[in-house]
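What follows is the content of input_33.cif, which has mmCIF, N, CA and C atoms:
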```cif
data_work
#
loop_
_atom_site.label_atom_id
_atom_site.label_comp_id
_atom_site.auth_asym_id
_atom_site.auth_seq_id
_atom_site.Cartn_x
_atom_site.Cartn_y
_atom_site.Cartn_z
N VAL M 1 57.15 -3.76 -29.34
CA VAL M 1 56.73 -4.84 -30.21
C VAL M 1 56.76 -4.34 -31.65
N GLN M 2 57.36 -5.09 -32.50
CA GLN M 2 57.40 -4.76 -33.92
C GLN M 2 56.50 -5.75 -34.66
N ALA M 3 55.20 -5.55 -34.51
CA ALA M 3 54.21 -6.50 -35.04
C ALA M 3 54.07 -6.35 -36.55
N ASP M 4 54.06 -7.50 -37.24
CA ASP M 4 53.78 -7.51 -38.67
C ASP M 4 52.29 -7.31 -38.92
N TYR M 5 51.49 -7.89 -38.03
CA TYR M 5 50.04 -7.80 -38.13
C TYR M 5 49.49 -7.43 -36.77
N VAL M 6 48.50 -6.56 -36.76
CA VAL M 6 47.85 -6.15 -35.51
C VAL M 6 46.40 -6.57 -35.58
N LEU M 7 45.95 -7.24 -34.53
CA LEU M 7 44.55 -7.69 -34.44
C LEU M 7 43.87 -6.90 -33.34
N ILE M 8 42.75 -6.29 -33.68
CA ILE M 8 42.00 -5.51 -32.70
C ILE M 8 40.64 -6.20 -32.52
N THR M 9 40.40 -6.68 -31.32
CA THR M 9 39.13 -7.34 -31.04
C THR M 9 38.12 -6.27 -30.63
N GLN M 10 37.56 -6.40 -29.47
CA GLN M 10 36.55 -5.44 -29.04
C GLN M 10 37.18 -4.14 -28.56
N ILE M 11 36.41 -3.07 -28.69
CA ILE M 11 36.81 -1.79 -28.12
C ILE M 11 35.69 -1.39 -27.18
N GLY M 12 35.98 -1.44 -25.90
CA GLY M 12 34.97 -1.11 -24.90
C GLY M 12 35.59 -0.31 -23.78
N LEU M 13 34.74 0.14 -22.91
CA LEU M 13 35.21 0.97 -21.80
C LEU M 13 35.67 0.10 -20.63
N ASP M 14 36.81 -0.56 -20.81
CA ASP M 14 37.44 -1.21 -19.68
C ASP M 14 38.93 -0.90 -19.72
N HIS M 15 39.58 -1.04 -18.61
CA HIS M 15 40.99 -0.66 -18.45
C HIS M 15 41.17 0.83 -18.76
N CYS M 16 40.18 1.63 -18.40
CA CYS M 16 40.17 3.06 -18.73
C CYS M 16 41.34 3.82 -18.12
N GLU M 17 41.83 3.37 -16.98
CA GLU M 17 42.95 4.06 -16.34
C GLU M 17 44.23 3.93 -17.16
N ILE M 18 44.27 2.93 -18.05
CA ILE M 18 45.45 2.72 -18.89
C ILE M 18 45.19 3.17 -20.32
N LEU M 19 44.01 2.82 -20.85
CA LEU M 19 43.73 3.03 -22.27
C LEU M 19 43.04 4.35 -22.60
N GLY M 20 42.37 4.94 -21.62
CA GLY M 20 41.64 6.18 -21.88
C GLY M 20 40.21 6.06 -21.41
N ASP M 21 39.55 7.20 -21.27
CA ASP M 21 38.21 7.20 -20.69
C ASP M 21 37.09 7.38 -21.71
N THR M 22 37.42 7.29 -22.99
CA THR M 22 36.39 7.34 -24.04
C THR M 22 36.71 6.25 -25.07
N ILE M 23 35.70 5.85 -25.82
CA ILE M 23 35.89 4.86 -26.88
C ILE M 23 36.91 5.38 -27.90
N GLU M 24 36.85 6.67 -28.20
CA GLU M 24 37.77 7.26 -29.17
C GLU M 24 39.22 7.14 -28.70
N LYS M 25 39.47 7.46 -27.42
CA LYS M 25 40.84 7.37 -26.88
C LYS M 25 41.33 5.92 -26.86
N ILE M 26 40.42 5.01 -26.50
CA ILE M 26 40.79 3.59 -26.44
C ILE M 26 41.10 3.07 -27.83
N ALA M 27 40.30 3.44 -28.83
CA ALA M 27 40.57 3.03 -30.21
C ALA M 27 41.94 3.52 -30.67
N LYS M 28 42.24 4.76 -30.37
CA LYS M 28 43.53 5.34 -30.76
C LYS M 28 44.68 4.62 -30.05
N GLU M 29 44.51 4.34 -28.78
CA GLU M 29 45.54 3.63 -28.02
C GLU M 29 45.78 2.24 -28.60
N LYS M 30 44.69 1.53 -28.92
CA LYS M 30 44.83 0.18 -29.45
C LYS M 30 45.48 0.17 -30.83
N ILE M 31 45.10 1.07 -31.70
CA ILE M 31 45.67 1.06 -33.06
C ILE M 31 47.12 1.55 -33.06
N ASN M 32 47.51 2.28 -32.05
CA ASN M 32 48.89 2.78 -31.99
C ASN M 32 49.90 1.71 -31.59
N ILE M 33 49.44 0.46 -31.43
CA ILE M 33 50.39 -0.63 -31.26
C ILE M 33 51.11 -0.91 -32.58
N CYS M 34 50.55 -0.41 -33.68
CA CYS M 34 51.16 -0.57 -35.00
C CYS M 34 52.52 0.12 -35.01
N GLY M 35 53.42 -0.48 -35.75
CA GLY M 35 54.74 0.10 -35.87
C GLY M 35 55.19 0.12 -37.32
N PRO M 36 56.46 0.40 -37.54
CA PRO M 36 56.96 0.52 -38.91
C PRO M 36 56.90 -0.78 -39.71
N ASN M 37 56.84 -1.93 -39.04
CA ASN M 37 56.79 -3.22 -39.73
C ASN M 37 55.36 -3.70 -40.00
N THR M 38 54.37 -3.01 -39.46
CA THR M 38 53.00 -3.49 -39.57
C THR M 38 52.52 -3.42 -41.01
N LYS M 39 52.12 -4.59 -41.52
CA LYS M 39 51.66 -4.71 -42.90
C LYS M 39 50.15 -4.55 -43.03
N ARG M 40 49.42 -4.99 -41.99
CA ARG M 40 47.97 -4.94 -42.06
C ARG M 40 47.38 -5.01 -40.65
N ILE M 41 46.22 -4.37 -40.50
CA ILE M 41 45.44 -4.42 -39.26
C ILE M 41 44.21 -5.27 -39.55
N PHE M 42 43.87 -6.13 -38.62
CA PHE M 42 42.65 -6.92 -38.71
C PHE M 42 41.76 -6.53 -37.55
N SER M 43 40.48 -6.42 -37.82
CA SER M 43 39.53 -6.15 -36.74
C SER M 43 38.18 -6.78 -37.06
N VAL M 44 37.46 -7.15 -36.01
CA VAL M 44 36.12 -7.70 -36.16
C VAL M 44 35.17 -6.55 -36.44
N LEU M 45 34.38 -6.71 -37.47
CA LEU M 45 33.38 -5.69 -37.79
C LEU M 45 32.14 -5.99 -36.96
N ASP M 46 32.13 -5.43 -35.74
CA ASP M 46 30.99 -5.65 -34.84
C ASP M 46 30.15 -4.40 -34.66
N SER M 47 30.58 -3.27 -35.23
CA SER M 47 29.75 -2.07 -35.19
C SER M 47 30.26 -1.06 -36.22
N GLU M 48 29.35 -0.27 -36.71
CA GLU M 48 29.74 0.80 -37.64
C GLU M 48 30.54 1.88 -36.92
N GLU M 49 30.24 2.08 -35.64
CA GLU M 49 31.00 3.06 -34.85
C GLU M 49 32.48 2.70 -34.83
N LYS M 50 32.75 1.43 -34.66
CA LYS M 50 34.14 0.97 -34.63
C LYS M 50 34.82 1.23 -35.98
N ARG M 51 34.10 0.95 -37.07
CA ARG M 51 34.66 1.20 -38.40
C ARG M 51 34.94 2.69 -38.58
N LYS M 52 34.02 3.54 -38.14
CA LYS M 52 34.19 4.98 -38.28
C LYS M 52 35.37 5.50 -37.46
N LEU M 53 35.67 4.82 -36.35
CA LEU M 53 36.81 5.21 -35.52
C LEU M 53 38.13 4.72 -36.11
N LEU M 54 38.18 3.45 -36.51
CA LEU M 54 39.45 2.85 -36.91
C LEU M 54 39.87 3.15 -38.35
N ASP M 55 38.92 3.26 -39.27
CA ASP M 55 39.29 3.51 -40.68
C ASP M 55 40.18 4.74 -40.84
N PRO M 56 39.79 5.90 -40.29
CA PRO M 56 40.65 7.07 -40.46
C PRO M 56 42.00 6.94 -39.73
N LEU M 57 41.99 6.27 -38.57
CA LEU M 57 43.25 6.10 -37.84
C LEU M 57 44.21 5.22 -38.63
N ALA M 58 43.68 4.14 -39.22
CA ALA M 58 44.51 3.25 -40.04
C ALA M 58 45.02 3.99 -41.28
N LYS M 59 44.15 4.80 -41.87
CA LYS M 59 44.55 5.57 -43.06
C LYS M 59 45.68 6.54 -42.71
N ASP M 60 45.56 7.21 -41.55
CA ASP M 60 46.61 8.13 -41.11
C ASP M 60 47.95 7.42 -40.93
N LEU M 61 47.88 6.15 -40.49
CA LEU M 61 49.11 5.38 -40.30
C LEU M 61 49.62 4.79 -41.62
N GLY M 62 48.77 4.82 -42.66
CA GLY M 62 49.15 4.26 -43.95
C GLY M 62 49.16 2.74 -43.95
N ILE M 63 48.31 2.15 -43.09
CA ILE M 63 48.26 0.70 -42.98
C ILE M 63 46.85 0.24 -43.34
N PRO M 64 46.73 -0.70 -44.28
CA PRO M 64 45.39 -1.17 -44.64
C PRO M 64 44.74 -1.94 -43.48
N ILE M 65 43.44 -1.76 -43.35
CA ILE M 65 42.69 -2.49 -42.33
C ILE M 65 41.78 -3.48 -43.03
N HIS M 66 41.80 -4.71 -42.55
CA HIS M 66 40.97 -5.78 -43.09
C HIS M 66 39.89 -6.08 -42.07
N TRP M 67 38.65 -5.86 -42.47
CA TRP M 67 37.52 -6.10 -41.57
C TRP M 67 37.05 -7.53 -41.71
N VAL M 68 36.97 -8.23 -40.59
CA VAL M 68 36.51 -9.61 -40.57
C VAL M 68 35.05 -9.61 -40.13
N GLU M 69 34.19 -9.95 -41.08
CA GLU M 69 32.77 -10.04 -40.73
C GLU M 69 32.49 -11.44 -40.23
N GLY M 70 31.56 -11.53 -39.38
CA GLY M 70 31.21 -12.85 -38.86
C GLY M 70 30.10 -12.74 -37.85
N LYS M 71 29.55 -13.88 -37.58
CA LYS M 71 28.48 -13.95 -36.61
C LYS M 71 29.04 -13.59 -35.23
N ILE M 72 28.40 -12.65 -34.57
CA ILE M 72 28.82 -12.28 -33.22
C ILE M 72 28.39 -13.41 -32.28
N ARG M 73 29.33 -13.89 -31.51
CA ARG M 73 29.08 -15.02 -30.62
C ARG M 73 28.95 -14.52 -29.19
N PRO M 74 28.16 -15.22 -28.38
CA PRO M 74 27.90 -14.73 -27.02
C PRO M 74 29.10 -14.79 -26.08
N ASP M 75 30.05 -15.66 -26.36
CA ASP M 75 31.21 -15.84 -25.50
C ASP M 75 32.43 -15.18 -26.15
N TYR M 76 33.12 -14.30 -25.42
CA TYR M 76 34.25 -13.57 -26.00
C TYR M 76 35.37 -14.51 -26.42
N LEU M 77 35.56 -15.62 -25.70
CA LEU M 77 36.61 -16.56 -26.09
C LEU M 77 36.31 -17.20 -27.44
N GLU M 78 35.04 -17.60 -27.62
CA GLU M 78 34.65 -18.19 -28.90
C GLU M 78 34.73 -17.15 -30.02
N GLN M 79 34.31 -15.93 -29.72
CA GLN M 79 34.38 -14.84 -30.70
C GLN M 79 35.83 -14.63 -31.14
N ASN M 80 36.73 -14.53 -30.18
CA ASN M 80 38.13 -14.30 -30.49
C ASN M 80 38.76 -15.49 -31.22
N PHE M 81 38.35 -16.71 -30.88
CA PHE M 81 38.84 -17.91 -31.56
C PHE M 81 38.48 -17.87 -33.04
N HIS M 82 37.21 -17.59 -33.35
CA HIS M 82 36.77 -17.56 -34.74
C HIS M 82 37.40 -16.38 -35.50
N PHE M 83 37.61 -15.28 -34.81
CA PHE M 83 38.31 -14.14 -35.41
C PHE M 83 39.74 -14.55 -35.78
N ALA M 84 40.44 -15.20 -34.86
CA ALA M 84 41.81 -15.63 -35.11
C ALA M 84 41.87 -16.61 -36.28
N LYS M 85 40.92 -17.55 -36.34
CA LYS M 85 40.89 -18.49 -37.46
C LYS M 85 40.68 -17.77 -38.79
N SER M 86 39.83 -16.75 -38.80
CA SER M 86 39.59 -15.97 -40.02
C SER M 86 40.85 -15.24 -40.46
N VAL M 87 41.57 -14.68 -39.49
CA VAL M 87 42.81 -13.98 -39.80
C VAL M 87 43.83 -14.96 -40.36
N LEU M 88 44.00 -16.10 -39.71
CA LEU M 88 44.94 -17.10 -40.20
C LEU M 88 44.60 -17.53 -41.62
N SER M 89 43.32 -17.74 -41.87
CA SER M 89 42.86 -18.15 -43.20
C SER M 89 43.19 -17.08 -44.24
N SER M 90 42.96 -15.83 -43.91
CA SER M 90 43.24 -14.75 -44.87
C SER M 90 44.74 -14.60 -45.13
N LEU M 91 45.56 -15.08 -44.21
CA LEU M 91 47.01 -15.06 -44.40
C LEU M 91 47.52 -16.36 -45.04
N GLY M 92 46.58 -17.25 -45.40
CA GLY M 92 46.95 -18.51 -46.03
C GLY M 92 47.42 -19.57 -45.06
N LEU M 93 47.12 -19.39 -43.78
CA LEU M 93 47.50 -20.34 -42.74
C LEU M 93 46.24 -20.93 -42.13
N ASN M 94 45.83 -22.07 -42.61
CA ASN M 94 44.59 -22.67 -42.13
C ASN M 94 44.84 -23.51 -40.89
N SER M 95 43.85 -23.51 -40.00
CA SER M 95 43.90 -24.30 -38.78
C SER M 95 42.70 -25.22 -38.74
N SER M 96 42.96 -26.48 -38.39
CA SER M 96 41.86 -27.44 -38.32
C SER M 96 41.27 -27.54 -36.91
N GLN M 97 41.80 -26.77 -35.97
CA GLN M 97 41.32 -26.87 -34.59
C GLN M 97 39.90 -26.31 -34.49
N SER M 98 39.14 -26.90 -33.58
CA SER M 98 37.79 -26.41 -33.31
C SER M 98 37.77 -25.74 -31.95
N PHE M 99 36.79 -24.88 -31.76
CA PHE M 99 36.72 -24.14 -30.50
C PHE M 99 36.65 -25.07 -29.28
N PRO M 100 35.80 -26.12 -29.31
CA PRO M 100 35.75 -26.98 -28.12
C PRO M 100 37.07 -27.70 -27.80
N SER M 101 37.96 -27.84 -28.79
CA SER M 101 39.22 -28.55 -28.54
C SER M 101 40.28 -27.68 -27.87
N ILE M 102 40.05 -26.39 -27.78
CA ILE M 102 41.04 -25.48 -27.19
C ILE M 102 40.77 -25.35 -25.69
N PRO M 103 41.78 -25.61 -24.84
CA PRO M 103 41.56 -25.45 -23.40
C PRO M 103 41.31 -23.98 -23.04
N LYS M 104 40.37 -23.76 -22.16
CA LYS M 104 40.03 -22.40 -21.73
C LYS M 104 41.08 -21.91 -20.73
N PRO M 105 41.42 -20.63 -20.77
CA PRO M 105 42.40 -20.11 -19.81
C PRO M 105 41.84 -20.15 -18.39
N LYS M 106 42.67 -20.50 -17.45
CA LYS M 106 42.25 -20.54 -16.05
C LYS M 106 42.03 -19.12 -15.54
N GLY M 107 41.00 -18.97 -14.75
CA GLY M 107 40.75 -17.68 -14.13
C GLY M 107 40.02 -16.69 -15.00
N ARG M 108 39.50 -17.09 -16.14
CA ARG M 108 38.71 -16.20 -16.99
C ARG M 108 37.32 -16.80 -17.07
N MET M 109 36.40 -16.20 -16.39
CA MET M 109 35.01 -16.64 -16.36
C MET M 109 34.92 -18.14 -16.01
N GLU M 110 35.73 -18.56 -15.05
CA GLU M 110 35.79 -19.97 -14.65
C GLU M 110 34.67 -20.26 -13.65
N LEU M 111 33.81 -21.20 -14.00
CA LEU M 111 32.72 -21.60 -13.11
C LEU M 111 33.29 -22.47 -12.01
N ILE M 112 33.25 -21.97 -10.79
CA ILE M 112 33.79 -22.68 -9.64
C ILE M 112 32.71 -23.57 -9.02
N ARG M 113 31.49 -23.03 -8.94
CA ARG M 113 30.38 -23.76 -8.30
C ARG M 113 29.09 -23.37 -9.00
N LYS M 114 28.17 -24.33 -9.11
CA LYS M 114 26.89 -24.07 -9.78
C LYS M 114 25.81 -23.60 -8.81
N ASP M 115 25.80 -24.08 -7.57
CA ASP M 115 24.71 -23.72 -6.66
C ASP M 115 25.25 -23.40 -5.28
N PRO M 116 25.32 -22.14 -4.90
CA PRO M 116 24.99 -20.99 -5.72
C PRO M 116 26.11 -20.74 -6.73
N THR M 117 25.78 -20.04 -7.79
CA THR M 117 26.73 -19.78 -8.86
C THR M 117 27.90 -18.94 -8.35
N LEU M 118 29.10 -19.42 -8.62
CA LEU M 118 30.32 -18.70 -8.27
C LEU M 118 31.25 -18.73 -9.48
N VAL M 119 31.53 -17.56 -10.03
CA VAL M 119 32.38 -17.45 -11.21
C VAL M 119 33.65 -16.70 -10.82
N PHE M 120 34.79 -17.25 -11.21
CA PHE M 120 36.09 -16.69 -10.90
C PHE M 120 36.62 -15.96 -12.14
N ASP M 121 36.84 -14.65 -12.04
CA ASP M 121 37.35 -13.85 -13.16
C ASP M 121 38.24 -12.74 -12.61
N PRO M 122 39.43 -13.09 -12.09
CA PRO M 122 40.28 -12.07 -11.48
C PRO M 122 40.86 -11.07 -12.48
N ALA M 123 40.81 -11.38 -13.76
CA ALA M 123 41.36 -10.47 -14.75
C ALA M 123 40.54 -9.19 -14.86
N HIS M 124 39.28 -9.22 -14.47
CA HIS M 124 38.44 -8.04 -14.56
C HIS M 124 37.85 -7.59 -13.24
N ASN M 125 37.84 -8.45 -12.24
CA ASN M 125 37.16 -8.10 -10.98
C ASN M 125 38.13 -8.18 -9.80
#
```

Would you write out, as structure tokens, the structure that this file holds?
Amino acid sequence: VQADYVLITQIGLDHCEILGDTIEKIAKEKINICGPNTKRIFSVLDSEEKRKLLDPLAKDLGIPIHWVEGKIRPDYLEQNFHFAKSVLSSLGLNSSQSFPSIPKPKGRMELIRKDPTLVFDPAHN
């Protein structure tokens, strides 16, 4: 992928068999998606630890990182939606869509039944 812009959402200990077994290794793996065409990295400022990990990696790559501050939302889909809107806005591309108007992906935290509660999430379980 020759990405012009790289967006990094959360950095957590999942997919460790592919990304690495520490937050540091995962951060490095994620930022290394940058290539020779990458103009800027965007990331949600959700922790100082994340900033301390990514700032030096971005500097080593010679790519500016733009931190998007915002209210942390309880749902990762809503968080990522608002992050994407902020990125689009900073690039001069505004979107009038609202989070409730976007269809949710099937199979990601999909509530199948309320009583008893049954949630379908094959992407992680």

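Atom N of Ile8 in chain M sits 12.3 Å away from atom N of Lys39 in chain M.
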
Fewer than 2 positions away in the same chain doesn't count, so skip those; otherwise give me all residues within 9 Å of range 95-105 of chain M, counting only C-alpha atoms, as an MDAnalysis selection string. chainID M and resid 77:78 81:82 85 88:89 93 107:110

Per DSSP on the backbone, filter range 52-84 of chain M down to the residues in alpha helix (DSSP H) and report them as an mmCIF file with N, CA and C atoms, keeping the file's coordinate frame.
```cif
data_model
loop_
_atom_site.group_PDB
_atom_site.id
_atom_site.type_symbol
_atom_site.label_atom_id
_atom_site.label_comp_id
_atom_site.auth_asym_id
_atom_site.auth_seq_id
_atom_site.Cartn_x
_atom_site.Cartn_y
_atom_site.Cartn_z
ATOM 1 N N LYS M 52 34.020 3.540 -38.140
ATOM 2 C CA LYS M 52 34.190 4.980 -38.280
ATOM 3 C C LYS M 52 35.370 5.500 -37.460
ATOM 4 N N LEU M 53 35.670 4.820 -36.350
ATOM 5 C CA LEU M 53 36.810 5.210 -35.520
ATOM 6 C C LEU M 53 38.130 4.720 -36.110
ATOM 7 N N LEU M 54 38.180 3.450 -36.510
ATOM 8 C CA LEU M 54 39.450 2.850 -36.910
ATOM 9 C C LEU M 54 39.870 3.150 -38.350
ATOM 10 N N ASP M 55 38.920 3.260 -39.270
ATOM 11 C CA ASP M 55 39.290 3.510 -40.680
ATOM 12 C C ASP M 55 40.180 4.740 -40.840
ATOM 13 N N PRO M 56 39.790 5.900 -40.290
ATOM 14 C CA PRO M 56 40.650 7.070 -40.460
ATOM 15 C C PRO M 56 42.000 6.940 -39.730
ATOM 16 N N LEU M 57 41.990 6.270 -38.570
ATOM 17 C CA LEU M 57 43.250 6.100 -37.840
ATOM 18 C C LEU M 57 44.210 5.220 -38.630
ATOM 19 N N ALA M 58 43.680 4.140 -39.220
ATOM 20 C CA ALA M 58 44.510 3.250 -40.040
ATOM 21 C C ALA M 58 45.020 3.990 -41.280
ATOM 22 N N LYS M 59 44.150 4.800 -41.870
ATOM 23 C CA LYS M 59 44.550 5.570 -43.060
ATOM 24 C C LYS M 59 45.680 6.540 -42.710
ATOM 25 N N ASP M 60 45.560 7.210 -41.550
ATOM 26 C CA ASP M 60 46.610 8.130 -41.110
ATOM 27 C C ASP M 60 47.950 7.420 -40.930
ATOM 28 N N LEU M 61 47.880 6.150 -40.490
ATOM 29 C CA LEU M 61 49.110 5.380 -40.300
ATOM 30 C C LEU M 61 49.620 4.790 -41.620
ATOM 31 N N TYR M 76 33.120 -14.300 -25.420
ATOM 32 C CA TYR M 76 34.250 -13.570 -26.000
ATOM 33 C C TYR M 76 35.370 -14.510 -26.420
ATOM 34 N N LEU M 77 35.560 -15.620 -25.700
ATOM 35 C CA LEU M 77 36.610 -16.560 -26.090
ATOM 36 C C LEU M 77 36.310 -17.200 -27.440
ATOM 37 N N GLU M 78 35.040 -17.600 -27.620
ATOM 38 C CA GLU M 78 34.650 -18.190 -28.900
ATOM 39 C C GLU M 78 34.730 -17.150 -30.020
ATOM 40 N N GLN M 79 34.310 -15.930 -29.720
ATOM 41 C CA GLN M 79 34.380 -14.840 -30.700
ATOM 42 C C GLN M 79 35.830 -14.630 -31.140
ATOM 43 N N ASN M 80 36.730 -14.530 -30.180
ATOM 44 C CA ASN M 80 38.130 -14.300 -30.490
ATOM 45 C C ASN M 80 38.760 -15.490 -31.220
ATOM 46 N N PHE M 81 38.350 -16.710 -30.880
ATOM 47 C CA PHE M 81 38.840 -17.910 -31.560
ATOM 48 C C PHE M 81 38.480 -17.870 -33.040
ATOM 49 N N HIS M 82 37.210 -17.590 -33.350
ATOM 50 C CA HIS M 82 36.770 -17.560 -34.740
ATOM 51 C C HIS M 82 37.400 -16.380 -35.500
ATOM 52 N N PHE M 83 37.610 -15.280 -34.810
ATOM 53 C CA PHE M 83 38.310 -14.140 -35.410
ATOM 54 C C PHE M 83 39.740 -14.550 -35.780
ATOM 55 N N ALA M 84 40.440 -15.200 -34.860
ATOM 56 C CA ALA M 84 41.810 -15.630 -35.110
ATOM 57 C C ALA M 84 41.870 -16.610 -36.280
#
```

Which residues, named as in the file, does the PyMOL selection byres (((chain M and resi 37 and name CA) around 8) and name CA) pick out? Answer as a PyMOL selection string. chain M and resi 2-4+34-36+38-39

Write the residues of the selection above to a file with N, CA and C atoms, as a PDB file, keeping the file's coordinate frame.
```pdb
ATOM      1  N   GLN M   2      57.360  -5.090 -32.500  1.00  0.00           N
ATOM      2  CA  GLN M   2      57.400  -4.760 -33.920  1.00  0.00           C
ATOM      3  C   GLN M   2      56.500  -5.750 -34.660  1.00  0.00           C
ATOM      4  N   ALA M   3      55.200  -5.550 -34.510  1.00  0.00           N
ATOM      5  CA  ALA M   3      54.210  -6.500 -35.040  1.00  0.00           C
ATOM      6  C   ALA M   3      54.070  -6.350 -36.550  1.00  0.00           C
ATOM      7  N   ASP M   4      54.060  -7.500 -37.240  1.00  0.00           N
ATOM      8  CA  ASP M   4      53.780  -7.510 -38.670  1.00  0.00           C
ATOM      9  C   ASP M   4      52.290  -7.310 -38.920  1.00  0.00           C
ATOM     10  N   CYS M  34      50.550  -0.410 -33.680  1.00  0.00           N
ATOM     11  CA  CYS M  34      51.160  -0.570 -35.000  1.00  0.00           C
ATOM     12  C   CYS M  34      52.520   0.120 -35.010  1.00  0.00           C
ATOM     13  N   GLY M  35      53.420  -0.480 -35.750  1.00  0.00           N
ATOM     14  CA  GLY M  35      54.740   0.100 -35.870  1.00  0.00           C
ATOM     15  C   GLY M  35      55.190   0.120 -37.320  1.00  0.00           C
ATOM     16  N   PRO M  36      56.460   0.400 -37.540  1.00  0.00           N
ATOM     17  CA  PRO M  36      56.960   0.520 -38.910  1.00  0.00           C
ATOM     18  C   PRO M  36      56.900  -0.780 -39.710  1.00  0.00           C
ATOM     19  N   THR M  38      54.370  -3.010 -39.460  1.00  0.00           N
ATOM     20  CA  THR M  38      53.000  -3.490 -39.570  1.00  0.00           C
ATOM     21  C   THR M  38      52.520  -3.420 -41.010  1.00  0.00           C
ATOM     22  N   LYS M  39      52.120  -4.590 -41.520  1.00  0.00           N
ATOM     23  CA  LYS M  39      51.660  -4.710 -42.900  1.00  0.00           C
ATOM     24  C   LYS M  39      50.150  -4.550 -43.030  1.00  0.00           C
TER      25      LYS M  39
END
```

Please enclose the listed atoms of range 32-47 of chain M in an axis-aligned box, pad each side by 8 Å, and write out the centre and the three edge lengths in Å, rounded to one decimal, as lines of an AutoDock Vina configuration file.
```
center_x = 43.4
center_y = -2.5
center_z = -37.1
size_x = 43.2
size_y = 26.5
size_z = 27.8
```

For the structure provided, state which residues fall under the PyMOL selection byres (((chain M and resi 11 and name CA) around 8) and name CA), and present them as number ranges by chain. M: 8-10, 12-13, 23, 26-27, 50

DSSP on the backbone, strand (DSSP E or B) only: what residues of range 10-110 of chain M does that give? Format it as a PDB file with N, CA and C atoms, in the frame of the given file.
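New file selection-v8.pdb:
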```pdb
ATOM      1  N   ARG M  40      49.420  -4.990 -41.990  1.00  0.00           N
ATOM      2  CA  ARG M  40      47.970  -4.940 -42.060  1.00  0.00           C
ATOM      3  C   ARG M  40      47.380  -5.010 -40.650  1.00  0.00           C
ATOM      4  N   ILE M  41      46.220  -4.370 -40.500  1.00  0.00           N
ATOM      5  CA  ILE M  41      45.440  -4.420 -39.260  1.00  0.00           C
ATOM      6  C   ILE M  41      44.210  -5.270 -39.550  1.00  0.00           C
ATOM      7  N   PHE M  42      43.870  -6.130 -38.620  1.00  0.00           N
ATOM      8  CA  PHE M  42      42.650  -6.920 -38.710  1.00  0.00           C
ATOM      9  C   PHE M  42      41.760  -6.530 -37.550  1.00  0.00           C
ATOM     10  N   SER M  43      40.480  -6.420 -37.820  1.00  0.00           N
ATOM     11  CA  SER M  43      39.530  -6.150 -36.740  1.00  0.00           C
ATOM     12  C   SER M  43      38.180  -6.780 -37.060  1.00  0.00           C
ATOM     13  N   VAL M  44      37.460  -7.150 -36.010  1.00  0.00           N
ATOM     14  CA  VAL M  44      36.120  -7.700 -36.160  1.00  0.00           C
ATOM     15  C   VAL M  44      35.170  -6.550 -36.440  1.00  0.00           C
ATOM     16  N   ILE M  65      43.440  -1.760 -43.350  1.00  0.00           N
ATOM     17  CA  ILE M  65      42.690  -2.490 -42.330  1.00  0.00           C
ATOM     18  C   ILE M  65      41.780  -3.480 -43.030  1.00  0.00           C
ATOM     19  N   HIS M  66      41.800  -4.710 -42.550  1.00  0.00           N
ATOM     20  CA  HIS M  66      40.970  -5.780 -43.090  1.00  0.00           C
ATOM     21  C   HIS M  66      39.890  -6.080 -42.070  1.00  0.00           C
ATOM     22  N   TRP M  67      38.650  -5.860 -42.470  1.00  0.00           N
ATOM     23  CA  TRP M  67      37.520  -6.100 -41.570  1.00  0.00           C
ATOM     24  C   TRP M  67      37.050  -7.530 -41.710  1.00  0.00           C
ATOM     25  N   VAL M  68      36.970  -8.230 -40.590  1.00  0.00           N
ATOM     26  CA  VAL M  68      36.510  -9.610 -40.570  1.00  0.00           C
ATOM     27  C   VAL M  68      35.050  -9.610 -40.130  1.00  0.00           C
ATOM     28  N   GLU M 110      35.730 -18.560 -15.050  1.00  0.00           N
ATOM     29  CA  GLU M 110      35.790 -19.970 -14.650  1.00  0.00           C
ATOM     30  C   GLU M 110      34.670 -20.260 -13.650  1.00  0.00           C
TER      31      GLU M 110
END
```

Would you kindly return, as an NGL selection string, each protein, DNA or RNA residue with an atom no farther than 10 Å from any atom of Ile72 in chain M, considering only C-alpha atoms and excluding same-chain residues fewer than 6 positions away? :M and (44-46 or 78-80 or 82-83)

Suppose we keep N, CA and C atoms; can you now write the selection as a PDB file, in the coordinates of the input?
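Below is the file selection-v6.pdb, written as the result:
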```pdb
ATOM      1  N   VAL M  44      37.460  -7.150 -36.010  1.00  0.00           N
ATOM      2  CA  VAL M  44      36.120  -7.700 -36.160  1.00  0.00           C
ATOM      3  C   VAL M  44      35.170  -6.550 -36.440  1.00  0.00           C
ATOM      4  N   LEU M  45      34.380  -6.710 -37.470  1.00  0.00           N
ATOM      5  CA  LEU M  45      33.380  -5.690 -37.790  1.00  0.00           C
ATOM      6  C   LEU M  45      32.140  -5.990 -36.960  1.00  0.00           C
ATOM      7  N   ASP M  46      32.130  -5.430 -35.740  1.00  0.00           N
ATOM      8  CA  ASP M  46      30.990  -5.650 -34.840  1.00  0.00           C
ATOM      9  C   ASP M  46      30.150  -4.400 -34.660  1.00  0.00           C
ATOM     10  N   GLU M  78      35.040 -17.600 -27.620  1.00  0.00           N
ATOM     11  CA  GLU M  78      34.650 -18.190 -28.900  1.00  0.00           C
ATOM     12  C   GLU M  78      34.730 -17.150 -30.020  1.00  0.00           C
ATOM     13  N   GLN M  79      34.310 -15.930 -29.720  1.00  0.00           N
ATOM     14  CA  GLN M  79      34.380 -14.840 -30.700  1.00  0.00           C
ATOM     15  C   GLN M  79      35.830 -14.630 -31.140  1.00  0.00           C
ATOM     16  N   ASN M  80      36.730 -14.530 -30.180  1.00  0.00           N
ATOM     17  CA  ASN M  80      38.130 -14.300 -30.490  1.00  0.00           C
ATOM     18  C   ASN M  80      38.760 -15.490 -31.220  1.00  0.00           C
ATOM     19  N   HIS M  82      37.210 -17.590 -33.350  1.00  0.00           N
ATOM     20  CA  HIS M  82      36.770 -17.560 -34.740  1.00  0.00           C
ATOM     21  C   HIS M  82      37.400 -16.380 -35.500  1.00  0.00           C
ATOM     22  N   PHE M  83      37.610 -15.280 -34.810  1.00  0.00           N
ATOM     23  CA  PHE M  83      38.310 -14.140 -35.410  1.00  0.00           C
ATOM     24  C   PHE M  83      39.740 -14.550 -35.780  1.00  0.00           C
TER      25      PHE M  83
END
```
